[in-house]
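Enquirer: One structure follows; several queries about it will come next.
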Amino acid sequence: MTKRLKLLQQTLKQEKTDALLVTNLFNLRYLSGFTGTTAVGLVTPNTAFLITDSRYTIQATNEAKHFEVITHGSIWEDAVKELIDRLEITKLAIDGNNISYNQYLKMSKMFDASLVVSSPLIEKQREVKDKEEIETIQKACKIADIAFDYILTYVKPGMTEIEVANELDFVMRRYKATGVSFDTIVASGLRSALPHGVATHKIIEENDIITIDFGCYYNGYVSDITRTISIGSVMPTLKKMHAAVLESNQKTIKAIKPGITSKELIEISRKVLRKYDLEQYFTHGLGHGIGLEIHEGPMLSLSNDKPLVPGNIITIEPGCYIDGIGGVRIEDDVLVTDQGFKVLTHSSHDLLEL
């Protein structure tokens with residue numbers, strides 16, 4: 001935590017910013033270790049404050065060791081104003097993505113400091129994981145792998161998608177997950193053509209293909225994995241789609257290394273699907289970063305021209321979706337290393353026929 005805070009403070013010095021108001025709880029947890037649900041932070045080049053209410057004073061004091069904890073009264077803005085006045089802050093950076101216009105107007109009237117919208121300083125830091133973060137995400141991935149192995153023995157014709165999703169969620173909690181990364185996707189039969197087909201009461205039938213996209217939180221960090229399986233045998237078109245998507249997934253992962261760009265990875269992935277005349281059915285992005293949030297930088301999009309660096313953890317998730325036939329997606333979590341890459345999710349990629 002100390003290194004993360006010091007790096008941010010160094011950046012504030014370089015940008016000649018008096019202070020940064022941290023209102024995003026994920027960012028505050030990243031900097032301080034505070035896991036409560038109500039707080040803001042104020043970070044200057046030399047000091048750091050965590051402002052919360054009386055429900056969290058003891059917790060914040062125990063968790064945010066490198067922050068001075070301040071318990072506010074009826075509104076936290078009063079405590080921030082006192083700090084601005086005491087520290088003679090004249091330029092306060094704020095997170096424009098996390099503050100409403102009404103909140104901005106309120107602070108503009110209350111604070112004797114000019115408010116400037118900050119670039120995503122903390123989010124940029126979060127893109128490069130440290131050793132502790134990598135180890136935690138690996139544990140979250142391991143829990144997801146264990147849960148998937150179990151669910152292969154559980155799912156049967158006649159069950160509903162919701163039943164499978166709930167069992168998957170319960171198993172992950174059994175292995176020390178603190179929650180799910182997002183609403184678990186179990187999309188069977190024709191519903192597998194829905195990229196975000198969250199589980200429903202649809203009954204899983206014989207010869208259904210099933211796409212399962214899931215993950216868990218472990219100590220604040222997520223995993224995110226997708227596998228496509230079948231109940232019995234599926235039509236040749238779906239088998240062809242699965243083989244193509246798997247080839248796309250594997251070739252893209254093998255190309256990961258420091259310096260490669262999102263655009264290059266996207267082209268590798270799509271080139272494989274193009275070969276099988278399936279590219280037009282790949283209708284979403286290739287992947288995204290994971291960490292404290294399920295979607296964070298770096299985003300694997302054509303608009304992101306920033307090369308990957310060691311410490312990035314990204315998903316690689318090509319898919320194909322044909323309305324009236326079905327869909328396939330295969331997703332892995334991958335760490336960018338000094339030498340290349342390390343795959344963190346290890347569940348079978350095969351089109352397993354249960």
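In the structure tokens, chains take the letters A, B, ... in the order shown, each chain's residues start at 1, and ligands count up from 1 in the order shown.
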Residues within 12 Å of A:Glu205, please, as a PyMOL selection string. Count only C-alpha atoms; anything in the same chain fewer than 6 positions from it doesn't count.
Expert: chain A and resi 155-161+187-190+230-234+354
Enquirer: Create the file for the chosen residues now, containing N, CA, C and O atoms and written as a PDB file, in the first residue's frame.
Expert:
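Output below, filename part.pdb:
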ATOM      1  N   VAL A 155     -24.248 -30.522 -13.701  1.00  0.00           N
ATOM      2  CA  VAL A 155     -25.265 -30.122 -14.671  1.00  0.00           C
ATOM      3  C   VAL A 155     -25.856 -31.333 -15.383  1.00  0.00           C
ATOM      4  O   VAL A 155     -25.140 -32.251 -15.795  1.00  0.00           O
ATOM      5  N   LYS A 156     -27.176 -31.335 -15.494  1.00  0.00           N
ATOM      6  CA  LYS A 156     -27.904 -32.444 -16.112  1.00  0.00           C
ATOM      7  C   LYS A 156     -29.090 -31.894 -16.912  1.00  0.00           C
ATOM      8  O   LYS A 156     -29.610 -30.812 -16.620  1.00  0.00           O
ATOM      9  N   PRO A 157     -29.547 -32.640 -17.901  1.00  0.00           N
ATOM     10  CA  PRO A 157     -30.769 -32.233 -18.605  1.00  0.00           C
ATOM     11  C   PRO A 157     -31.928 -32.140 -17.618  1.00  0.00           C
ATOM     12  O   PRO A 157     -32.036 -32.946 -16.685  1.00  0.00           O
ATOM     13  N   GLY A 158     -32.788 -31.158 -17.799  1.00  0.00           N
ATOM     14  CA  GLY A 158     -33.926 -30.956 -16.902  1.00  0.00           C
ATOM     15  C   GLY A 158     -33.700 -29.885 -15.865  1.00  0.00           C
ATOM     16  O   GLY A 158     -34.654 -29.381 -15.269  1.00  0.00           O
ATOM     17  N   MET A 159     -32.423 -29.560 -15.609  1.00  0.00           N
ATOM     18  CA  MET A 159     -32.127 -28.449 -14.705  1.00  0.00           C
ATOM     19  C   MET A 159     -32.373 -27.127 -15.424  1.00  0.00           C
ATOM     20  O   MET A 159     -32.348 -27.050 -16.650  1.00  0.00           O
ATOM     21  N   THR A 160     -32.581 -26.082 -14.649  1.00  0.00           N
ATOM     22  CA  THR A 160     -32.684 -24.749 -15.252  1.00  0.00           C
ATOM     23  C   THR A 160     -31.319 -24.066 -15.226  1.00  0.00           C
ATOM     24  O   THR A 160     -30.433 -24.427 -14.442  1.00  0.00           O
ATOM     25  N   GLU A 161     -31.174 -23.072 -16.071  1.00  0.00           N
ATOM     26  CA  GLU A 161     -29.933 -22.292 -16.085  1.00  0.00           C
ATOM     27  C   GLU A 161     -29.684 -21.651 -14.724  1.00  0.00           C
ATOM     28  O   GLU A 161     -28.540 -21.627 -14.243  1.00  0.00           O
ATOM     29  N   ALA A 187     -26.000 -19.671 -20.524  1.00  0.00           N
ATOM     30  CA  ALA A 187     -26.863 -19.498 -21.695  1.00  0.00           C
ATOM     31  C   ALA A 187     -26.854 -20.787 -22.501  1.00  0.00           C
ATOM     32  O   ALA A 187     -25.825 -21.183 -23.045  1.00  0.00           O
ATOM     33  N   SER A 188     -27.995 -21.452 -22.563  1.00  0.00           N
ATOM     34  CA  SER A 188     -28.064 -22.775 -23.180  1.00  0.00           C
ATOM     35  C   SER A 188     -28.902 -22.765 -24.448  1.00  0.00           C
ATOM     36  O   SER A 188     -29.785 -21.920 -24.629  1.00  0.00           O
ATOM     37  N   GLY A 189     -28.617 -23.739 -25.311  1.00  0.00           N
ATOM     38  CA  GLY A 189     -29.382 -23.865 -26.544  1.00  0.00           C
ATOM     39  C   GLY A 189     -29.271 -22.617 -27.391  1.00  0.00           C
ATOM     40  O   GLY A 189     -28.197 -22.025 -27.543  1.00  0.00           O
ATOM     41  N   LEU A 190     -30.391 -22.168 -27.940  1.00  0.00           N
ATOM     42  CA  LEU A 190     -30.387 -20.973 -28.788  1.00  0.00           C
ATOM     43  C   LEU A 190     -29.999 -19.715 -28.013  1.00  0.00           C
ATOM     44  O   LEU A 190     -29.492 -18.752 -28.593  1.00  0.00           O
ATOM     45  N   SER A 230     -21.328 -28.931 -23.734  1.00  0.00           N
ATOM     46  CA  SER A 230     -22.599 -29.390 -24.311  1.00  0.00           C
ATOM     47  C   SER A 230     -23.167 -30.539 -23.497  1.00  0.00           C
ATOM     48  O   SER A 230     -22.443 -31.276 -22.822  1.00  0.00           O
ATOM     49  N   ILE A 231     -24.486 -30.666 -23.572  1.00  0.00           N
ATOM     50  CA  ILE A 231     -25.177 -31.817 -23.006  1.00  0.00           C
ATOM     51  C   ILE A 231     -25.440 -32.761 -24.175  1.00  0.00           C
ATOM     52  O   ILE A 231     -26.305 -32.509 -25.007  1.00  0.00           O
ATOM     53  N   GLY A 232     -24.656 -33.821 -24.255  1.00  0.00           N
ATOM     54  CA  GLY A 232     -24.741 -34.681 -25.431  1.00  0.00           C
ATOM     55  C   GLY A 232     -24.027 -34.043 -26.608  1.00  0.00           C
ATOM     56  O   GLY A 232     -23.231 -33.103 -26.452  1.00  0.00           O
ATOM     57  N   SER A 233     -24.343 -34.492 -27.784  1.00  0.00           N
ATOM     58  CA  SER A 233     -23.676 -34.016 -28.996  1.00  0.00           C
ATOM     59  C   SER A 233     -24.438 -32.844 -29.603  1.00  0.00           C
ATOM     60  O   SER A 233     -25.670 -32.779 -29.528  1.00  0.00           O
ATOM     61  N   VAL A 234     -23.693 -31.895 -30.199  1.00  0.00           N
ATOM     62  CA  VAL A 234     -24.320 -30.728 -30.830  1.00  0.00           C
ATOM     63  C   VAL A 234     -24.086 -30.769 -32.337  1.00  0.00           C
ATOM     64  O   VAL A 234     -23.263 -31.540 -32.844  1.00  0.00           O
ATOM     65  N   LEU A 354     -21.274 -33.772 -22.013  1.00  0.00           N
ATOM     66  CA  LEU A 354     -21.640 -34.361 -20.715  1.00  0.00           C
ATOM     67  C   LEU A 354     -22.810 -35.320 -20.855  1.00  0.00           C
ATOM     68  O   LEU A 354     -23.599 -35.226 -21.780  1.00  0.00           O
TER      69      LEU A 354
END
Enquirer: Mind checking which residues fall within 10 Å of stretch 3-12 of chain A, counting only C-alpha atoms, ignoring those fewer than 2 positions away in the same chain, and posting them as a list in words?
Expert: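 Listing them by chain and then by number gives Met1, Gln14, Glu15, Lys16, Thr17, Asp18, Ala19, Leu20, Tyr30, Leu31, Ser32, Val43, Thr44, Pro45, Asn46, Thr47, Ala48, His66, Phe67, Ala93, Leu121, Ile122, Gln125, Arg126 and Asp130 of chain A.
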Enquirer: What separation in Å, quoted to one decimal, exists between atom CA of A:Gly33 and atom CA of A:Asp112?
Expert: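 Taking atom CA of A:Gly33 and atom CA of A:Asp112, their separation equals 29.5 Å.
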Enquirer: What parts of stretch 96-306 of chain A does DSSP call alpha helix (DSSP H)? I'd like the answer as a PyMOL selection string.
Expert: chain A and resi 101-110+121-126+131-154+161-174+236-254+262-275
Enquirer: Given the choices A:Gly41, A:Gly96, A:Pro307, A:Gly215, which gets closest to A:Ala79 if the distance is worked out from only C-alpha atoms?
Expert: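 With only C-alpha atoms as the atom set, the closest residue is A:Gly41.
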Enquirer: Write out as a list of chain:residue names which residues come within 8 Å of A:Thr228 when counting only C-alpha atoms, dropping same-chain ones fewer than 5 positions away.
Expert: A:Ile209, A:Ile210, A:Thr211, A:Ile212, A:His242, A:Val328, A:Arg329, A:Ile330, A:His349, A:Asp350, A:Leu351, A:Leu352
Enquirer: What separation in Å, quoted to one decimal, exists between atom CA of A:Phe34 and atom CA of A:Gln103?
Expert: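 Between these atoms lies a distance of 23.0 Å.
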Enquirer: Please list as a PDB file with N, CA and C atoms, in the first residue's frame every residue within 12 Å of stretch 173-183 of chain A, counting only C-alpha atoms and excluding residues in the same chain fewer than 6 positions away.
Expert:
ATOM      1  N   THR A 136      -3.269 -12.639  -5.394  1.00  0.00           N
ATOM      2  CA  THR A 136      -4.682 -12.664  -5.021  1.00  0.00           C
ATOM      3  C   THR A 136      -5.555 -13.042  -6.208  1.00  0.00           C
ATOM      4  N   ILE A 137      -5.270 -12.476  -7.375  1.00  0.00           N
ATOM      5  CA  ILE A 137      -6.044 -12.804  -8.574  1.00  0.00           C
ATOM      6  C   ILE A 137      -5.835 -14.263  -8.954  1.00  0.00           C
ATOM      7  N   LYS A 139      -5.463 -16.673  -6.911  1.00  0.00           N
ATOM      8  CA  LYS A 139      -6.328 -17.445  -6.011  1.00  0.00           C
ATOM      9  C   LYS A 139      -7.780 -17.375  -6.462  1.00  0.00           C
ATOM     10  N   ALA A 140      -8.204 -16.196  -6.910  1.00  0.00           N
ATOM     11  CA  ALA A 140      -9.577 -16.058  -7.426  1.00  0.00           C
ATOM     12  C   ALA A 140      -9.780 -16.935  -8.655  1.00  0.00           C
ATOM     13  N   CYS A 141      -8.762 -17.015  -9.501  1.00  0.00           N
ATOM     14  CA  CYS A 141      -8.836 -17.870 -10.696  1.00  0.00           C
ATOM     15  C   CYS A 141      -8.885 -19.347 -10.311  1.00  0.00           C
ATOM     16  N   LYS A 142      -8.113 -19.716  -9.308  1.00  0.00           N
ATOM     17  CA  LYS A 142      -8.104 -21.113  -8.868  1.00  0.00           C
ATOM     18  C   LYS A 142      -9.477 -21.524  -8.336  1.00  0.00           C
ATOM     19  N   ILE A 143     -10.116 -20.636  -7.599  1.00  0.00           N
ATOM     20  CA  ILE A 143     -11.464 -20.928  -7.093  1.00  0.00           C
ATOM     21  C   ILE A 143     -12.423 -21.146  -8.249  1.00  0.00           C
ATOM     22  N   ALA A 144     -12.332 -20.306  -9.280  1.00  0.00           N
ATOM     23  CA  ALA A 144     -13.201 -20.459 -10.446  1.00  0.00           C
ATOM     24  C   ALA A 144     -12.937 -21.788 -11.151  1.00  0.00           C
ATOM     25  N   ASP A 145     -11.674 -22.182 -11.265  1.00  0.00           N
ATOM     26  CA  ASP A 145     -11.346 -23.461 -11.898  1.00  0.00           C
ATOM     27  C   ASP A 145     -11.935 -24.639 -11.118  1.00  0.00           C
ATOM     28  N   ILE A 146     -11.811 -24.578  -9.796  1.00  0.00           N
ATOM     29  CA  ILE A 146     -12.355 -25.649  -8.955  1.00  0.00           C
ATOM     30  C   ILE A 146     -13.868 -25.741  -9.138  1.00  0.00           C
ATOM     31  N   ALA A 147     -14.515 -24.581  -9.163  1.00  0.00           N
ATOM     32  CA  ALA A 147     -15.973 -24.559  -9.298  1.00  0.00           C
ATOM     33  C   ALA A 147     -16.410 -25.110 -10.653  1.00  0.00           C
ATOM     34  N   TYR A 150     -16.252 -28.850 -10.712  1.00  0.00           N
ATOM     35  CA  TYR A 150     -17.392 -29.418  -9.988  1.00  0.00           C
ATOM     36  C   TYR A 150     -18.667 -29.357 -10.826  1.00  0.00           C
ATOM     37  N   ILE A 162     -30.748 -21.181 -14.095  1.00  0.00           N
ATOM     38  CA  ILE A 162     -30.623 -20.554 -12.776  1.00  0.00           C
ATOM     39  C   ILE A 162     -30.078 -21.536 -11.750  1.00  0.00           C
ATOM     40  N   ALA A 165     -26.368 -21.831 -12.339  1.00  0.00           N
ATOM     41  CA  ALA A 165     -25.685 -20.603 -11.931  1.00  0.00           C
ATOM     42  C   ALA A 165     -25.595 -20.497 -10.414  1.00  0.00           C
ATOM     43  N   ASN A 166     -26.694 -20.792  -9.731  1.00  0.00           N
ATOM     44  CA  ASN A 166     -26.690 -20.701  -8.271  1.00  0.00           C
ATOM     45  C   ASN A 166     -25.721 -21.696  -7.645  1.00  0.00           C
ATOM     46  N   GLU A 167     -25.705 -22.915  -8.172  1.00  0.00           N
ATOM     47  CA  GLU A 167     -24.786 -23.923  -7.637  1.00  0.00           C
ATOM     48  C   GLU A 167     -23.335 -23.497  -7.842  1.00  0.00           C
ATOM     49  N   HIS A 196     -24.359 -11.884 -23.516  1.00  0.00           N
ATOM     50  CA  HIS A 196     -24.553 -11.671 -22.077  1.00  0.00           C
ATOM     51  C   HIS A 196     -25.869 -12.279 -21.623  1.00  0.00           C
ATOM     52  N   GLY A 197     -26.046 -13.538 -21.959  1.00  0.00           N
ATOM     53  CA  GLY A 197     -27.272 -14.245 -21.612  1.00  0.00           C
ATOM     54  C   GLY A 197     -27.270 -14.700 -20.165  1.00  0.00           C
ATOM     55  N   VAL A 198     -27.540 -13.773 -19.254  1.00  0.00           N
ATOM     56  CA  VAL A 198     -27.594 -14.103 -17.821  1.00  0.00           C
ATOM     57  C   VAL A 198     -28.606 -15.233 -17.597  1.00  0.00           C
ATOM     58  N   ALA A 199     -28.291 -16.122 -16.667  1.00  0.00           N
ATOM     59  CA  ALA A 199     -29.090 -17.322 -16.431  1.00  0.00           C
ATOM     60  C   ALA A 199     -30.571 -17.013 -16.204  1.00  0.00           C
ATOM     61  N   THR A 200     -31.416 -17.853 -16.789  1.00  0.00           N
ATOM     62  CA  THR A 200     -32.869 -17.719 -16.666  1.00  0.00           C
ATOM     63  C   THR A 200     -33.452 -19.038 -16.157  1.00  0.00           C
ATOM     64  N   ILE A 212     -20.944 -20.773 -20.303  1.00  0.00           N
ATOM     65  CA  ILE A 212     -20.920 -20.405 -18.883  1.00  0.00           C
ATOM     66  C   ILE A 212     -19.813 -19.376 -18.675  1.00  0.00           C
ATOM     67  N   ASP A 213     -20.199 -18.179 -18.281  1.00  0.00           N
ATOM     68  CA  ASP A 213     -19.265 -17.071 -18.046  1.00  0.00           C
ATOM     69  C   ASP A 213     -19.432 -16.656 -16.592  1.00  0.00           C
ATOM     70  N   PHE A 214     -18.356 -16.755 -15.815  1.00  0.00           N
ATOM     71  CA  PHE A 214     -18.482 -16.556 -14.371  1.00  0.00           C
ATOM     72  C   PHE A 214     -17.140 -16.151 -13.772  1.00  0.00           C
ATOM     73  N   GLY A 215     -17.155 -15.837 -12.515  1.00  0.00           N
ATOM     74  CA  GLY A 215     -15.939 -15.505 -11.787  1.00  0.00           C
ATOM     75  C   GLY A 215     -16.295 -15.155 -10.365  1.00  0.00           C
ATOM     76  N   CYS A 216     -15.274 -14.921  -9.562  1.00  0.00           N
ATOM     77  CA  CYS A 216     -15.530 -14.631  -8.151  1.00  0.00           C
ATOM     78  C   CYS A 216     -14.619 -13.531  -7.645  1.00  0.00           C
ATOM     79  N   TYR A 217     -15.020 -12.959  -6.515  1.00  0.00           N
ATOM     80  CA  TYR A 217     -14.177 -12.058  -5.756  1.00  0.00           C
ATOM     81  C   TYR A 217     -13.451 -12.847  -4.674  1.00  0.00           C
ATOM     82  N   TYR A 218     -12.162 -12.585  -4.558  1.00  0.00           N
ATOM     83  CA  TYR A 218     -11.377 -13.138  -3.457  1.00  0.00           C
ATOM     84  C   TYR A 218     -10.510 -12.007  -2.911  1.00  0.00           C
ATOM     85  N   ASN A 219     -10.715 -11.661  -1.647  1.00  0.00           N
ATOM     86  CA  ASN A 219      -9.985 -10.556  -1.023  1.00  0.00           C
ATOM     87  C   ASN A 219      -9.998  -9.295  -1.878  1.00  0.00           C
ATOM     88  N   GLY A 220     -11.142  -9.034  -2.473  1.00  0.00           N
ATOM     89  CA  GLY A 220     -11.316  -7.788  -3.202  1.00  0.00           C
ATOM     90  C   GLY A 220     -10.981  -7.828  -4.675  1.00  0.00           C
ATOM     91  N   TYR A 221     -10.418  -8.939  -5.161  1.00  0.00           N
ATOM     92  CA  TYR A 221     -10.001  -9.034  -6.562  1.00  0.00           C
ATOM     93  C   TYR A 221     -10.774 -10.135  -7.283  1.00  0.00           C
ATOM     94  N   VAL A 222     -10.934  -9.951  -8.593  1.00  0.00           N
ATOM     95  CA  VAL A 222     -11.833 -10.805  -9.355  1.00  0.00           C
ATOM     96  C   VAL A 222     -11.108 -11.815 -10.236  1.00  0.00           C
ATOM     97  N   SER A 223     -11.873 -12.824 -10.637  1.00  0.00           N
ATOM     98  CA  SER A 223     -11.508 -13.704 -11.752  1.00  0.00           C
ATOM     99  C   SER A 223     -12.651 -13.638 -12.755  1.00  0.00           C
ATOM    100  N   ASP A 224     -12.367 -14.060 -13.996  1.00  0.00           N
ATOM    101  CA  ASP A 224     -13.362 -13.967 -15.073  1.00  0.00           C
ATOM    102  C   ASP A 224     -13.025 -15.033 -16.102  1.00  0.00           C
ATOM    103  N   ILE A 225     -13.892 -16.023 -16.246  1.00  0.00           N
ATOM    104  CA  ILE A 225     -13.598 -17.164 -17.109  1.00  0.00           C
ATOM    105  C   ILE A 225     -14.862 -17.567 -17.866  1.00  0.00           C
ATOM    106  N   ILE A 290      -8.575  -6.878 -15.591  1.00  0.00           N
ATOM    107  CA  ILE A 290      -9.320  -7.231 -14.386  1.00  0.00           C
ATOM    108  C   ILE A 290      -8.476  -6.879 -13.172  1.00  0.00           C
ATOM    109  N   GLY A 291      -9.144  -6.747 -12.043  1.00  0.00           N
ATOM    110  CA  GLY A 291      -8.438  -6.416 -10.805  1.00  0.00           C
ATOM    111  C   GLY A 291      -9.443  -6.221  -9.698  1.00  0.00           C
ATOM    112  N   LEU A 292      -9.485  -5.033  -9.137  1.00  0.00           N
ATOM    113  CA  LEU A 292     -10.499  -4.714  -8.137  1.00  0.00           C
ATOM    114  C   LEU A 292     -11.887  -4.665  -8.764  1.00  0.00           C
ATOM    115  N   GLU A 293     -11.933  -4.381 -10.069  1.00  0.00           N
ATOM    116  CA  GLU A 293     -13.192  -4.361 -10.807  1.00  0.00           C
ATOM    117  C   GLU A 293     -13.132  -5.374 -11.944  1.00  0.00           C
ATOM    118  N   ILE A 294     -14.316  -5.789 -12.390  1.00  0.00           N
ATOM    119  CA  ILE A 294     -14.374  -6.796 -13.445  1.00  0.00           C
ATOM    120  C   ILE A 294     -13.966  -6.211 -14.791  1.00  0.00           C
ATOM    121  N   HIS A 295     -14.196  -4.937 -14.986  1.00  0.00           N
ATOM    122  CA  HIS A 295     -13.752  -4.261 -16.208  1.00  0.00           C
ATOM    123  C   HIS A 295     -12.906  -3.057 -15.807  1.00  0.00           C
TER     124      HIS A 295
END
Enquirer: Which one of A:Leu278, A:Cys320, A:Glu132, A:Glu267 sits closest to A:Ser301 if you count only C-alpha atoms?
Expert: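 That would be A:Glu267, the residue with the smallest distance to A:Ser301.
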Enquirer: Which neighbours of A:Val128 fall inside 12 Å, counting only C-alpha atoms, when residues of the same chain fewer than 3 positions from it are skipped, and could you give them as a list in words?
Expert: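 Once the nearby chain positions are removed, what remains is Arg4, Tyr30, Ile122, Glu123, Lys124, Gln125, Lys131, Glu132, Glu133, Ile134, Pro258, Gly289, Ile290, Gly291, Leu292, Glu296, Gly297, Pro298, Leu308, Val309, Pro310, Gly311, Asn312, Ile313, Ile314, Leu335, Val336 and Thr337 of chain A.
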Enquirer: Please indicate the distance in Å from atom CA of A:Tyr321 to atom CA of A:Val245, rounded to one decimal place.
Expert: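 We find that atom CA of A:Tyr321 and atom CA of A:Val245 lie 10.6 Å from each other.
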